[in-house]
Structure formats: C-alpha cells, structure tokens
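Some notes on the structure that comes next.
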Amino acid sequence: MTQMTDTQITAALDAGIISQTQASAMRAQLANGEPPNIHIEAAIGDEENLRFIRGFSDVFIAIGIGLLILGLSAMAALLGGGVSFIIAALITALMAEYFGRKKRSHLPTLLTALAFLVFTLKGVSGLLGGTNDIWTALIALLAMAGFYWRVRLPFCIALMTLTGLYLGLTVISTLAPELIRAKFGWVMAFGGALTLVGGIYYDSKDLHRTTRFSDNAFWLHLTAAPLLIHGAVLELVKTQSTQVLGFIPVIDIDSGDAVIMLILVGMVSAAGLILNRRALLVSSLIYAVIAVGYLLAKSGLDLGLAVTLTLVLVGGAIVLLGVGWHPLRNIIIKTLPKSRFIPAAYDPNFRP
C-alpha cells in the first residue's frame, strides 16, 4: 500500500486505472488522513506502464469495434467511397466520444482512432479525386488534432505525428520528387529522428514518469524506432527479395549487410538504454533475428540448427537485457554528462 497525492489520483483517473467513483472515495480518504486503498503497482512510476487494458471487457468491446470497423470499411467501399468514408469516419468519432472521452477505455478508443484516420484519408482523397495529396494530408492532420482535443489519450499524439510526417512527405514529393525516389530511406529516417526528438522532449518534462507526458513519449518512441531503423536499412543495406517455395518473400543479404544490421540494432539498443525506453528496441528485433540467422547459416550450420540457435541467442539476449536493464543502464549513464534529457538512474525508493 502507498499514500497517494491528489495529483497522483488525478493521473490514475486520467490513465483509466481507476474509476471516478474510486477517485472520489480515495480523495475522501485522503481528506480524512487515511491512506487511499490502492496498491503501489497502480501508481504511475518509472517503468513503461501501458495502462492499456483494464479488463477483458475492453478486449471484448475491442473485438466488436474491430468487426464493426471492417463492416463500415466494406460498406463505404461498396457505396463508392468519398462521402461514405467520411460518414464512416464520423461514426468512429462518435464511438470515440463514448469510449474515449466518457469511459476512458484505451484499447477500444485506439481502434476507433486508427479507423478515423484511415477513413478520413480515404474519404478526403475520394472527394478530391486523389489528385492532391497535400490537401488530403493537411485535412487529415487537422481532423486528428480535433480528435485528440476531444479524447485526450496519448496514442493520438503518435497518430498526429504520423499524419504530420505524411504531410511533409507529400510536400517533398511535390517539390522534389527526385529526392523521394533517390533517398526515400533517409527521408524516412529523418522523420523517425524528428519523432524521436518529440519523444525525448516529452520525457524531459517528466523524467520520473508520473504524468501523461510519459505516455505521450512512449507512443512517440514506439513510432520513431521503426522509421529510424527501417529507413537506415533501406539506404545502408542493399536488400533484395527472393522467394522460398515460389511465394514466400525472404530478404537476401550478405555478410556485410548482416554486420551493418547488427550495428544498427546495437545503436538503437544503446539509445533505448540511455533514454530508459525499451520501446525503441522492439522494432529492431526482426533485424537482429535476420542478421544473426544469416551469419549462423553462413557458418556452415544446417538450416534447422541455425534457426534454433538464432532463437536461443536473440531470445536469451532479450531476457538478460530485461533482467539486467537497470544495472546496465546505471553503468552507462555514469559515463555520460548530466542532462535534463536523460532520466536519472533508477531509484526504487523514489516517490513523487
């Protein structure tokens, strides 16, 4: 058990951890000098707590919303697109009003947010005849800004960022199409870098991760990582696609490419440790598996043994890194200059 302040109770309420009734009862206990009846694990703390699913009810509702969204998409396409997709977007916005603004259910609202963005893009593009991507992207960005203003849930920040990057991409495509064709990977990586800066900015406003700024940062880091590493791979690794069994696409690389992939994975892992963000490492795992698997296969091992050892090595490395995350991170940050953009060493006794 732990004593929580009114600010923490508000944060827990906004994050969907507790209900309004629970919050009122806890504030009453606090006013009477009693410790609120909530476990320490429910407090927003140092770790990357998703605070994403409150119970199976959210999962059950999310399944229904997913099926409904598929039905709306199919119906809008059958009706010719354009206006019908805009109507579908409005329906998802109404659902977000209930599940996001009133119920604060994150998972159902995330699905409605994704559908709202896709339906808006398709609807506006259909109305404009697919001839002006800049206006399509700009209107979609404004629509997502309005969506965030209504529901105020952190993952909307990432969706707004993606829409903003899409707008930037359309502008560059219009002004310098040759740049997109020749250096698309670097353009993607640059967008990822901008997104990472946004995540670091939000983290700097909440180094101990006690407010919603931390949630905003989490989603931005999760968005930035695949853009960064995939963009760099597109430019630095000259991948080719071959097919296994005639239809399964498989990346074809050489030893040099595999080493470059491992270096990129190492750089992303180091950044994740410094920033105390495991989300940065997730998108790099597929490249780690590809690189390690290729190098083991080239060493003369048969395919089955190479795959087995790859899974053991990469899986074991993830487990060890997860277990030793804070001790390893503490060693690294001691060698770095102090900065307000780098979270301090983990302190299990810290209380905001």
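We label chains A, B, ... in the order they appear in the structure tokens, count residues from 1 in each chain, and number ligands from 1 in the order shown.
Neighbours of region 322-332 of chain A closer than or equal to 8 Å, with only C-alpha atoms counted and sequence neighbours fewer than 3 positions away skipped, come out as Leu273, Ile274, Asn276, Ile318, Val319, Thr335, Leu336, Ala345 and Tyr346 of chain A.
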Keeping only C-alpha atoms, write the selected residues to a file as a PDB file, in the first residue's frame.
```pdb
ATOM      1  CA  LEU A 273      19.160   2.183 -22.512  1.00  0.00           C
ATOM      2  CA  ILE A 274      20.240   5.810 -22.263  1.00  0.00           C
ATOM      3  CA  ASN A 276      15.277   4.227 -20.469  1.00  0.00           C
ATOM      4  CA  ILE A 318      16.391 -10.087 -24.659  1.00  0.00           C
ATOM      5  CA  VAL A 319      15.762 -11.907 -21.372  1.00  0.00           C
ATOM      6  CA  THR A 335      29.848   7.761 -18.168  1.00  0.00           C
ATOM      7  CA  LEU A 336      27.606  10.431 -19.732  1.00  0.00           C
ATOM      8  CA  ALA A 345      19.461   6.195 -12.598  1.00  0.00           C
ATOM      9  CA  TYR A 346      16.559   4.086 -11.438  1.00  0.00           C
TER      10      TYR A 346
END
```
### Task
Fewer than 2 positions away in the same chain doesn't count, so skip those; otherwise give me all residues within 9 Å of region 195-205 of chain A, counting only C-alpha atoms, as a PyMOL selection string.
chain A and resi 158+161-162+165+190-193+207-209+213-225+227-228+275+340-343
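Each of A:Val314, A:Val118, A:Leu301, A:Ile65 was compared to Ala288 (chain A) using only C-alpha atoms, and A:Val314 turns out to be the nearest.
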Each region 215-312 of chain A residue no farther than 10 Å from region 172-183 of chain A, nearest pair in Å, only C-alpha atoms, as CSV:
```
residue,atom,partner,partner_atom,distance
A:Gly231,CA,A:Lys183,CA,9.4
A:Leu234,CA,A:Lys183,CA,9.0
A:Glu235,CA,A:Lys183,CA,7.4
```
Please dump the current selection as a short mmCIF file (atom, residue, chain, number, x, y, z; two decimals), in the first residue's frame; keep C-alpha atoms.
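Heads up, here's the output in out-v5.cif:
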```
data_model
loop_
_atom_site.label_atom_id
_atom_site.label_comp_id
_atom_site.auth_asym_id
_atom_site.auth_seq_id
_atom_site.Cartn_x
_atom_site.Cartn_y
_atom_site.Cartn_z
CA GLY A 231 14.90 3.93 -43.17
CA LEU A 234 16.82 0.82 -46.86
CA GLU A 235 19.85 3.04 -47.50
#
```
### Task
For region 150-153 of chain A, list every protein, DNA or RNA residue within 10 Å, evaluated using only C-alpha atoms, and leave out those in the same chain fewer than 5 positions away; present the list as an NGL selection string.
:A and (14-15 or 93 or 96-102 or 104-106 or 109-110 or 113 or 144-145 or 212 or 215-216)
List the neighbours of Ser284 (chain A) out to 8 Å using only C-alpha atoms; skip same-chain residues closer than 3 positions along the sequence, and give me the result as a PDB file with C-alpha atoms, in the first residue's frame.
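File written: part.pdb
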```pdb
ATOM      1  CA  ALA A 225      12.020   3.362 -33.824  1.00  0.00           C
ATOM      2  CA  PRO A 226      10.694   1.534 -36.927  1.00  0.00           C
ATOM      3  CA  ILE A 229      15.892   1.644 -38.332  1.00  0.00           C
ATOM      4  CA  VAL A 265      20.481  -2.788 -33.642  1.00  0.00           C
ATOM      5  CA  VAL A 268      19.155   1.563 -31.157  1.00  0.00           C
ATOM      6  CA  LEU A 280      12.918   1.672 -29.000  1.00  0.00           C
ATOM      7  CA  LEU A 281      14.284  -1.882 -29.097  1.00  0.00           C
ATOM      8  CA  TYR A 287      16.594  -7.206 -37.968  1.00  0.00           C
ATOM      9  CA  ALA A 288      18.560  -8.821 -35.144  1.00  0.00           C
TER      10      ALA A 288
END
```
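In this model, the gap between CA of Leu303 (chain A) and CA of Met267 (chain A) comes to 28.3 Å.
The space separating CA of Ser73 (chain A) from CA of Ala89 (chain A) comes to 9.7 Å.
Counting from CA of Leu94 (chain A), the distance to CA of Tyr148 (chain A) is 13.2 Å.
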### Task
Write out as a list in words which residues come within 12 Å of Leu309 (chain A) when counting only C-alpha atoms, dropping same-chain ones fewer than 4 positions away.
Val289, Val292, Gly293, Tyr294, Leu295, Leu296, Ala297, Leu301, Asp302, Leu303, Gly304, Leu305, Leu313, Val314, Gly315, Gly316 and Ala317 of chain A
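Checking A:Gln8, A:Leu117, A:Ala271, A:Val233 one by one against Thr210 (chain A), counting only C-alpha atoms, you find the shortest gap at A:Gln8.
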### Sel. of alpha helix (DSSP H) residues, region 62-308 of chain A, as an MDAnalysis selection string
chainID A and resid 62:78 83:96 106:127 133:151 155:175 177:204 212:236 255:275 279:282 285:298 303:308
### Message
Run DSSP on the backbone and tell me which residues of region 89-324 of chain A come out as strand (DSSP E); list them as a list in words.
### Response
Gln240, Ser241, Thr242, Gln243, Val244, Ile248, Pro249, Val250, Ile251 and Asp252 of chain A
